[in-house]
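As stored in my_file.tsv (TSV, C-alpha atoms):
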chain	number	residue	atom	x	y	z
L	779	MET	CA	106.20	74.32	36.87
L	780	GLY	CA	104.07	77.44	37.17
L	781	THR	CA	101.76	75.60	39.56
L	782	GLU	CA	104.75	74.38	41.56
L	783	ILE	CA	106.02	77.94	41.96
L	784	GLU	CA	102.55	79.08	43.03
L	785	GLU	CA	102.33	76.31	45.62
L	786	ARG	CA	105.66	77.43	47.06
L	787	LYS	CA	104.52	81.02	47.35
L	788	TYR	CA	103.77	80.85	51.05
L	789	VAL	CA	106.76	78.85	52.32
L	790	ARG	CA	109.10	80.64	54.69
L	791	LEU	CA	112.54	81.71	53.59
L	792	PRO	CA	114.85	78.78	54.42
L	793	THR	CA	118.59	78.30	54.25
L	794	PHE	CA	119.32	75.97	51.34
L	795	LEU	CA	122.99	75.24	51.97
L	796	GLU	CA	122.58	71.68	50.70
L	797	GLN	CA	121.27	72.82	47.30
L	798	GLY	CA	123.98	73.56	44.77
L	799	PHE	CA	124.21	74.67	41.16
L	800	SER	CA	123.44	71.15	39.95
L	801	ASP	CA	120.04	71.49	41.63
L	802	LEU	CA	119.53	74.93	40.07
L	803	LYS	CA	120.49	73.59	36.66
L	804	ARG	CA	118.14	70.62	36.93
L	805	GLU	CA	115.14	72.54	38.31
L	806	VAL	CA	115.46	75.85	36.43
L	807	VAL	CA	118.00	75.98	33.59
L	808	ASP	CA	117.23	72.55	32.09
L	809	LYS	CA	113.49	73.21	32.33
L	810	SER	CA	113.93	76.45	30.34
L	811	ILE	CA	112.35	78.63	33.00
L	812	CYS	CA	115.48	80.68	33.79
L	813	SER	CA	114.56	84.36	33.47
L	814	LEU	CA	118.19	85.41	32.80
L	815	CYS	CA	117.90	87.91	35.64
L	816	GLY	CA	121.59	87.50	36.51
L	817	THR	CA	121.12	87.15	40.28
L	818	CYS	CA	123.03	83.86	40.58
L	819	VAL	CA	125.99	85.25	38.63
L	820	ALA	CA	126.03	88.49	40.60
L	821	PHE	CA	126.37	86.79	43.97
L	822	CYS	CA	128.43	83.68	43.21
L	823	ASP	CA	131.78	84.04	41.46
L	824	LYS	CA	131.78	80.34	40.55
L	825	ILE	CA	128.95	80.78	38.04
L	826	ARG	CA	129.61	81.95	34.49
L	827	LEU	CA	127.28	83.58	32.01
L	828	ASP	CA	127.88	84.61	28.40
L	829	MET	CA	126.67	88.22	28.42
L	830	GLY	CA	126.04	88.21	24.68
L	831	GLU	CA	128.87	90.45	23.52
L	832	GLY	CA	129.06	91.06	19.80
L	833	ASN	CA	126.35	89.23	17.89
L	834	ASN	CA	125.98	86.46	20.44
L	835	GLU	CA	122.82	85.67	22.37
L	836	VAL	CA	122.98	85.93	26.14
L	837	GLY	CA	123.77	82.42	27.36
L	838	VAL	CA	122.45	80.49	30.34
L	839	PRO	CA	124.22	80.15	33.72
L	840	GLU	CA	126.98	77.56	33.86
L	841	PHE	CA	129.16	76.37	36.72
L	842	GLY	CA	132.79	77.37	36.33
L	843	GLU	CA	134.39	74.91	38.76
L	844	ASP	CA	135.24	71.22	38.49
L	845	TYR	CA	132.91	70.29	41.33
L	846	ASP	CA	129.75	71.75	42.85
L	847	THR	CA	130.54	73.36	46.21
L	848	VAL	CA	126.83	73.48	47.18
L	849	CYS	CA	127.12	76.73	49.13
L	850	GLY	CA	123.45	77.26	48.31
L	851	LEU	CA	123.52	80.92	47.26
L	852	CYS	CA	122.56	80.44	43.61
L	853	TYR	CA	119.67	78.14	44.46
L	854	THR	CA	118.46	80.30	47.35
L	855	PHE	CA	118.59	83.60	45.46
L	856	CYS	CA	117.05	82.40	42.18
L	857	PRO	CA	113.47	83.69	41.75
L	858	ARG	CA	112.51	80.51	39.90
L	859	THR	CA	113.38	77.89	42.56
L	860	PHE	CA	110.92	79.10	45.19
L	861	LEU	CA	109.32	82.48	45.73
L	862	PRO	CA	107.87	83.14	49.20
L	863	VAL	CA	106.02	86.31	48.24
L	864	SER	CA	104.05	86.57	51.48
L	865	GLU	CA	107.14	86.41	53.67
L	866	ILE	CA	109.01	88.94	51.54
L	867	GLU	CA	105.99	91.26	51.61
L	868	ARG	CA	105.81	91.09	55.41
L	869	ARG	CA	109.51	91.82	55.80
L	870	ILE	CA	109.85	94.52	53.15
L	871	LEU	CA	106.36	96.01	52.71
L	872	GLY	CA	104.99	95.40	56.20
L	873	ALA	CA	101.83	93.64	55.04
L	874	GLU	CA	100.64	90.72	52.93
L	875	SER	CA	98.58	91.12	49.77
L	876	ALA	CA	95.65	88.97	48.77
L	877	GLU	CA	96.63	86.34	46.22
L	878	GLU	CA	94.20	87.69	43.64
L	879	ASP	CA	95.44	91.30	43.96
L	880	VAL	CA	97.60	91.85	40.89
L	881	LEU	CA	98.49	95.43	41.86
L	882	GLY	CA	100.29	94.34	45.02
L	883	ILE	CA	100.70	96.37	48.19
L	884	TYR	CA	101.15	100.11	47.70
L	885	LYS	CA	100.93	103.30	49.74
L	886	SER	CA	100.01	105.64	46.90
L	887	CYS	CA	99.63	105.74	43.14
L	888	TYR	CA	100.30	108.62	40.75
L	889	ALA	CA	100.60	109.59	37.13
L	890	VAL	CA	104.13	111.03	36.95
L	891	ARG	CA	106.24	112.92	34.46
L	892	SER	CA	109.55	114.70	34.67
L	893	LYS	CA	109.84	118.45	35.10
L	894	LYS	CA	113.43	118.37	33.84
L	895	ALA	CA	113.51	119.57	30.25
L	896	ASP	CA	116.73	117.69	29.48
L	897	ILE	CA	115.37	114.28	30.50
L	898	LYS	CA	113.90	112.35	27.57
L	899	GLY	CA	112.64	109.08	29.00
L	900	GLN	CA	110.26	106.40	27.85
L	901	ASP	CA	106.98	107.83	29.12
L	902	GLY	CA	107.62	111.18	30.72
L	903	GLY	CA	111.06	110.37	32.14
L	904	ALA	CA	109.70	109.34	35.55
L	905	VAL	CA	112.32	106.69	36.38
L	906	THR	CA	115.28	108.85	35.35
L	907	SER	CA	113.98	111.81	37.35
L	908	LEU	CA	113.34	109.77	40.49
L	909	LEU	CA	116.83	108.29	40.34
L	910	ALA	CA	118.33	111.72	39.67
L	911	TYR	CA	116.70	113.05	42.83
L	912	ALA	CA	117.88	110.06	44.88
L	913	LEU	CA	121.44	110.56	43.62
L	914	GLU	CA	121.43	114.29	44.34
L	915	GLU	CA	120.14	113.78	47.87
L	916	GLY	CA	122.70	111.07	48.62
L	917	MET	CA	120.05	108.41	49.17
L	918	ILE	CA	122.00	106.34	46.66
L	919	ASP	CA	125.54	106.74	45.35
L	920	SER	CA	124.92	104.83	42.13
L	921	ALA	CA	122.07	103.58	39.95
L	922	VAL	CA	122.37	100.31	38.05
L	923	ILE	CA	120.45	100.82	34.82
L	924	THR	CA	120.19	99.03	31.49
L	925	ALA	CA	121.36	101.16	28.60
L	926	SER	CA	121.93	100.03	24.99
L	927	ASP	CA	124.56	100.27	22.28
L	928	ASN	CA	123.94	101.66	18.80
L	929	GLN	CA	122.42	98.31	17.77
L	930	TRP	CA	119.91	98.40	20.67
L	931	LYS	CA	121.62	95.52	22.46
L	932	PRO	CA	121.32	96.01	26.24
L	933	ILE	CA	124.39	96.91	28.28
L	934	ILE	CA	124.75	97.44	32.01
L	935	LYS	CA	125.59	100.91	33.23
L	936	VAL	CA	126.48	101.94	36.79
L	937	ALA	CA	125.42	105.60	36.72
L	938	LYS	CA	126.97	107.79	39.41
L	939	ASN	CA	125.86	111.22	38.26
L	940	TYR	CA	123.10	113.01	36.40
L	941	GLU	CA	124.70	112.91	32.96
L	942	GLU	CA	125.44	109.18	33.13
L	943	LEU	CA	121.90	108.55	34.28
L	944	LYS	CA	120.37	110.32	31.28
L	945	GLU	CA	122.35	108.11	28.88
L	946	GLY	CA	120.33	105.08	29.94
L	947	ALA	CA	116.83	106.56	29.65
L	948	GLY	CA	114.23	104.53	27.77
L	949	THR	CA	112.95	100.96	27.91
L	950	LYS	CA	114.77	98.00	26.34
L	951	TYR	CA	112.71	94.96	25.45
L	952	THR	CA	115.35	92.24	25.14
L	953	LEU	CA	116.44	89.84	27.90
L	954	TYR	CA	119.57	90.81	29.80
L	955	PRO	CA	121.03	89.76	33.19
L	956	SER	CA	121.02	93.28	34.59
L	957	VAL	CA	121.42	92.20	38.23
L	958	VAL	CA	125.08	91.57	37.35
L	959	GLY	CA	125.35	95.35	37.46
L	960	VAL	CA	124.82	95.27	41.22
L	961	LYS	CA	128.00	93.20	41.51
L	962	GLU	CA	129.82	95.70	39.28
L	963	ALA	CA	128.64	98.58	41.47
L	964	MET	CA	129.89	96.84	44.62
L	965	GLU	CA	133.27	96.12	42.98
L	966	GLU	CA	133.52	99.83	42.16
L	967	GLY	CA	133.10	100.66	45.84
L	968	CYS	CA	129.46	101.77	45.79
L	969	ALA	CA	127.75	101.41	49.17
L	970	ALA	CA	124.24	102.72	48.45
L	971	ILE	CA	122.99	101.17	45.23
L	972	GLY	CA	119.79	101.86	43.34
L	973	PHE	CA	118.59	99.37	40.73
L	974	VAL	CA	116.05	99.50	37.91
L	975	GLY	CA	114.76	96.23	36.53
L	976	LEU	CA	112.02	93.78	35.67
L	977	PRO	CA	109.82	91.91	38.17
L	978	CYS	CA	112.01	88.76	38.06
L	979	GLN	CA	115.11	90.84	38.77
L	980	ILE	CA	113.41	92.60	41.67
L	981	GLN	CA	112.31	89.20	43.03
L	982	GLY	CA	115.89	87.93	42.93
L	983	LEU	CA	117.25	90.96	44.77
L	984	ARG	CA	114.52	90.76	47.41
L	985	LYS	CA	115.52	87.16	48.03
L	986	VAL	CA	119.11	88.35	48.41
L	987	GLN	CA	117.96	90.90	51.00
L	988	THR	CA	115.75	88.55	53.00
L	989	ALA	CA	117.17	85.02	52.67
L	990	GLU	CA	118.53	83.37	55.81
L	991	GLN	CA	122.11	82.44	54.84
L	992	PRO	CA	125.48	82.94	56.51
L	993	TYR	CA	127.47	84.71	53.79
L	994	ASP	CA	128.37	88.38	53.50
L	995	VAL	CA	127.10	89.27	50.03
L	996	GLY	CA	126.75	93.04	50.53
L	997	LYS	CA	122.95	93.02	50.68
L	998	GLU	CA	122.96	96.06	52.99
L	999	LYS	CA	124.33	98.10	50.07
L	1000	ILE	CA	121.14	97.64	48.03
L	1001	LYS	CA	119.11	100.71	48.97
L	1002	LEU	CA	116.44	101.32	46.31
L	1003	LEU	CA	114.64	99.00	43.87
L	1004	VAL	CA	112.61	100.47	41.01
L	1005	GLY	CA	110.55	97.84	39.19
L	1006	LEU	CA	109.10	98.08	35.68
L	1007	PHE	CA	105.73	96.73	34.56
L	1008	CYS	CA	106.30	93.69	32.35
L	1009	MET	CA	104.04	91.31	30.43
L	1010	GLU	CA	106.97	89.51	28.79
L	1011	ASN	CA	110.42	90.15	27.41
L	1012	PHE	CA	112.12	89.07	24.19
L	1013	THR	CA	115.29	87.34	23.04
L	1014	ALA	CA	117.98	89.20	21.12
L	1015	ASP	CA	116.75	87.50	17.92
L	1016	LEU	CA	113.96	90.06	17.91
L	1017	LEU	CA	116.50	92.76	17.08
L	1018	GLU	CA	117.72	90.81	14.07
L	1019	PHE	CA	114.11	90.36	12.93
L	1020	ILE	CA	113.48	94.12	13.18
L	1021	ALA	CA	116.66	94.92	11.28
L	1022	LYS	CA	115.85	92.53	8.44
L	1023	LYS	CA	112.18	93.36	8.02
L	1024	TYR	CA	111.64	96.93	9.22
L	1025	VAL	CA	114.53	99.32	9.95
L	1026	LYS	CA	118.28	99.28	10.55
L	1027	LEU	CA	118.95	99.17	14.26
L	1028	GLU	CA	121.31	102.16	14.18
L	1029	ASN	CA	118.33	104.22	12.94
L	1030	VAL	CA	116.01	103.20	15.79
L	1031	LYS	CA	115.25	105.99	18.26
L	1032	LYS	CA	112.70	104.33	20.54
L	1033	VAL	CA	110.83	101.06	21.06
L	1034	ASP	CA	107.55	100.68	22.90
L	1035	ILE	CA	104.56	98.41	23.35
L	1036	LYS	CA	101.07	99.84	23.03
L	1037	GLY	CA	98.00	97.66	22.96
L	1038	LYS	CA	98.68	94.71	20.67
L	1039	GLU	CA	101.61	96.28	18.82
L	1040	PHE	CA	105.37	96.57	19.24
L	1041	LEU	CA	106.26	100.07	18.08
L	1042	VAL	CA	109.65	100.95	16.61
L	1043	SER	CA	110.30	104.66	16.01
L	1044	ASP	CA	113.12	105.60	13.64
L	1045	ASP	CA	115.25	108.73	13.27
L	1046	GLU	CA	113.05	110.03	10.45
L	1047	GLY	CA	109.96	110.09	12.65
L	1048	LYS	CA	108.34	106.98	11.18
L	1049	VAL	CA	106.73	104.50	13.55
L	1050	HIS	CA	106.83	100.84	12.50
L	1051	ALA	CA	103.92	99.00	14.13
L	1052	ILE	CA	104.62	95.27	14.53
L	1053	PRO	CA	101.75	93.06	15.72
L	1054	LEU	CA	102.71	91.29	18.94
L	1055	GLU	CA	101.36	88.09	17.42
L	1056	GLU	CA	104.09	88.36	14.76
L	1057	ILE	CA	106.90	88.33	17.36
L	1058	LYS	CA	105.50	85.89	19.94
L	1059	ASP	CA	108.15	83.30	19.02
L	1060	TYR	CA	110.81	85.66	20.38
L	1061	ILE	CA	109.33	85.79	23.89
L	1062	GLY	CA	111.80	84.47	26.46
L	1063	GLU	CA	111.01	80.96	27.66
L	1064	GLY	CA	111.53	81.96	31.28
L	1065	CYS	CA	108.74	84.55	31.03
L	1066	SER	CA	106.17	81.76	30.80
L	1067	VAL	CA	106.05	81.14	34.56
L	1068	CYS	CA	106.18	84.73	35.85
L	1069	MET	CA	102.93	86.00	37.34
L	1070	ASP	CA	104.08	89.46	38.44
L	1071	TYR	CA	103.03	92.23	36.05
L	1072	THR	CA	103.51	95.33	38.23
L	1073	ALA	CA	106.80	94.49	40.01
L	1074	GLU	CA	104.96	93.97	43.27
L	1075	LEU	CA	108.09	93.67	45.44
L	1076	ALA	CA	109.81	96.90	44.38
L	1077	ASP	CA	110.10	100.11	46.41
L	1078	ILE	CA	108.60	101.96	43.44
L	1079	SER	CA	106.90	100.37	40.41
L	1080	VAL	CA	106.66	102.22	37.11
L	1081	GLY	CA	104.85	101.55	33.83
L	1082	SER	CA	103.13	103.36	30.98
L	1083	VAL	CA	99.81	101.52	31.28
L	1084	GLY	CA	97.03	103.35	33.12
L	1085	SER	CA	98.19	106.91	32.43
L	1086	GLU	CA	97.89	109.28	29.50
L	1087	GLY	CA	100.62	109.51	26.87
L	1088	GLY	CA	103.73	111.22	28.17
L	1089	TRP	CA	103.04	110.14	31.76
L	1090	SER	CA	104.01	107.05	33.74
L	1091	THR	CA	101.96	105.18	36.31
L	1092	VAL	CA	103.86	104.96	39.59
L	1093	PHE	CA	103.02	102.73	42.57
L	1094	VAL	CA	104.82	103.74	45.77
L	1095	ARG	CA	105.18	100.61	47.92
L	1096	THR	CA	107.67	101.27	50.75
L	1097	GLU	CA	108.69	104.08	53.08
L	1098	ARG	CA	111.91	104.48	51.11
L	1099	GLY	CA	109.92	104.72	47.88
L	1100	GLU	CA	107.62	107.29	49.45
L	1101	GLU	CA	110.59	109.34	50.60
L	1102	VAL	CA	111.98	109.41	47.06
L	1103	VAL	CA	108.72	110.31	45.32
L	1104	LYS	CA	107.67	113.01	47.80
L	1105	GLY	CA	111.14	114.52	47.78
L	1106	ALA	CA	111.24	114.54	43.98
L	1107	ILE	CA	107.93	116.40	43.94
L	1108	GLU	CA	109.10	118.98	46.49
L	1109	LYS	CA	112.42	119.58	44.70
L	1110	GLY	CA	110.75	120.01	41.31
L	1111	TYR	CA	112.06	116.86	39.65
L	1112	ILE	CA	108.60	115.50	38.83
L	1113	GLU	CA	104.96	116.50	38.70
L	1114	VAL	CA	102.10	114.19	39.56
L	1115	ASN	CA	98.40	113.67	38.88
L	1116	GLY	CA	95.91	111.14	40.17
L	1117	ILE	CA	95.17	107.86	38.39
L	1118	GLU	CA	91.61	107.38	37.19
L	1119	ASP	CA	89.72	104.20	38.06
L	1120	LYS	CA	89.66	103.14	34.41
L	1121	GLY	CA	93.46	103.33	34.35
L	1122	LEU	CA	93.77	101.09	37.39
L	1123	GLY	CA	91.16	98.80	35.85
L	1124	LEU	CA	93.28	98.37	32.72
L	1125	ILE	CA	96.35	97.52	34.82
L	1126	ARG	CA	94.31	94.95	36.76
L	1127	ARG	CA	93.05	93.35	33.55
L	1128	LEU	CA	96.54	92.98	32.12
L	1129	GLY	CA	97.93	91.71	35.42
L	1130	THR	CA	95.12	89.18	35.70
L	1131	LYS	CA	95.66	88.08	32.11
L	1132	LYS	CA	99.37	87.45	32.75
L	1133	LYS	CA	98.73	85.59	35.97
L	1134	LYS	CA	96.04	83.33	34.52
L	1135	ALA	CA	98.01	82.53	31.39
L	1136	ASN	CA	101.24	81.71	33.23
L	1137	LYS	CA	99.61	79.53	35.86
L	1138	ILE	CA	98.90	76.95	33.19
Spit out the file's structure as structure tokens when you get a sec.
Amino acid sequence: MGTEIEERKYVRLPTFLEQGFSDLKREVVDKSICSLCGTCVAFCDKIRLDMGEGNNEVGVPEFGEDYDTVCGLCYTFCPRTFLPVSEIERRILGAESAEEDVLGIYKSCYAVRSKKADIKGQDGGAVTSLLAYALEEGMIDSAVITASDNQWKPIIKVAKNYEELKEGAGTKYTLYPSVVGVKEAMEEGCAAIGFVGLPCQIQGLRKVQTAEQPYDVGKEKIKLLVGLFCMENFTADLLEFIAKKYVKLENVKKVDIKGKEFLVSDDEGKVHAIPLEEIKDYIGEGCSVCMDYTAELADISVGSVGSEGGWSTVFVRTERGEEVVKGAIEKGYIEVNGIEDKGLGLIRRLGTKKKKANKI
């Protein structure tokens, strides 16, 4: 299926009104390549998804009607049915990247960290600070972020002010259909929405913005997409494994991936280093066909790889992204440094590794 997706990379964005949920189920859900991004659920009220409340795993999309109305939205918006990267790049980024370029198109690249003392993010608080600036300047009226409960299970949060934004700081490494939060933001009356998510989620939202289809889905309300570097993500069973073998989840303060280890920091300052090899069985099945490491279709892409500890690597890809980053620098939200060649080289190696492995 990975090869099939790659072959479809250069098709134009069509209108798939004849393709319904039954087609999506057969081609994506039944083949276990659904990324659980949540895009289909966010933009079609006929699709249901168990969000994993309580101790339940997040489910897979299911059709909630007696018959398939084949409106085509779920099939067209899904990042796993077809992904015309070149066409999306031309429309959104104004250029087309070479197929072998795993960094994607970008205008500038920085090492970034927050200058706000009260922001405690994953690696320097870059994402939180950039969103805080965009909110203050009215570039967005809300930011859809993925927070977590006291058991580290992801939850969607529509942050509309600085304090709400800070509550969601930090990376979560378990699968969650965060794009559903865009629907929640629209239902709450938000008209200028920012979103932070993984490459698959960014891909889905870019398809929403660019697909040729006749329905009013509120795509003009999506104003800023911040993408996170991602090699793979994990099922909620990983949390149960950590709780049983390493530390109670209510005592976890931070999780991170460095090198070949999954790091869990507890409230006593101890860091539990778990070899990635030990948790490979918890990797989401849908991650196996994704070849985007650096969130190439985002306005701004952010990751820890390539920069020193306490800093984030930031790729600025669009004019809107450039406006946010430059404004955040000028207003004192962030500080920036250059990225050394060896840092970019490491990002390229990891991106190439992901792409090669998932083409198989």
Between L:Lys1032, L:Tyr951, L:Arg1098, L:Thr988, smallest distance to Ile1057 of chain L by all atoms listed in the file belongs to L:Tyr951
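Closest approach to Cys856 of chain L among L:Ile934, L:Arg868, L:Ala873, L:Arg984 is made by L:Arg984 (distances from all atoms listed in the file).
The residue that comes closest to Ile1020 of chain L, out of L:Gly1105, L:Asp1070, L:Val986, L:Trp930 and on the basis of all atoms listed in the file, is L:Trp930.
Of the listed residues (L:Lys1137, L:Ala912, L:Asp901, L:Lys1001), L:Lys1001 comes nearest to Gln987 of chain L; the distances count only C-alpha atoms.
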Give me the residues of segment 919-1004 of chain L that have any atom at most 10 Å from an atom of segment 1028-1031 of chain L; for each, the nearest atom pair and the distance in Å, rounded to one decimal. Use all atoms listed in the file, sort by chain and number, and format it as a tab-separated table.
residue	atom	partner	partner_atom	distance
L:Asp927	CA	L:Glu1028	CA	8.9
L:Asn928	CA	L:Glu1028	CA	5.3
L:Gln929	CA	L:Glu1028	CA	5.4
L:Trp930	CA	L:Glu1028	CA	7.6
L:Gly948	CA	L:Lys1031	CA	9.7
Name the residues in contact with segment 816-832 of chain L at a cut-off of 8 Å, using all atoms listed in the file, excluding same-chain residues fewer than 6 positions from it; report them as a ChimeraX atom specification.
/L:838-843,851-853,855-856,954-961,979,982-983,995
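Among L:Gly872, L:Gly1005, L:Pro857, L:Gly902, the residue with the shortest atom-to-atom distance to Gly1087 of chain L, counting only C-alpha atoms, is L:Gly902.
Nearest to Leu1124 of chain L of all the residues L:Gly1037, L:Gly1088, L:Gly1062, L:Gly1110 is L:Gly1037, counting only C-alpha atoms.
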From atom CA of Thr1013 of chain L to atom CA of Thr952 of chain L the spacing works out at 5.3 Å
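Taking atom CA of Ile1000 of chain L and atom CA of Cys812 of chain L as endpoints, the distance between them is 22.9 Å.
A straight line drawn from atom CA of Arg858 of chain L to atom CA of Glu1097 of chain L is 27.3 Å long.
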* Asked: What lies within 12 Å of Gly903 of chain L using all atoms listed in the file, ignoring chain neighbours under 4 positions off, as a ChimeraX atom specification?
  -> /L:889-899,907-910,943-949,1080-1082,1087-1092,1111-1113
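The point (100.9, 104.0, 44.5) has these residues within 8 Å of it, counting all atoms listed in the file: Tyr884, Lys885, Ser886, Cys887, Tyr888, Val1092, Phe1093, Val1094 and Arg1095 of chain L.
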Next item on the list: Do a neighbour search on Leu953 of chain L at 9 Å with only C-alpha atoms, toss out local chain neighbours closer than 3 positions, and write the hits as a list in words.
Entry: Ser813, Leu814, Cys815, Val836, Pro932, Lys950, Ser956, Asn1011, Phe1012, Thr1013, Ala1014 and Gly1062 of chain L
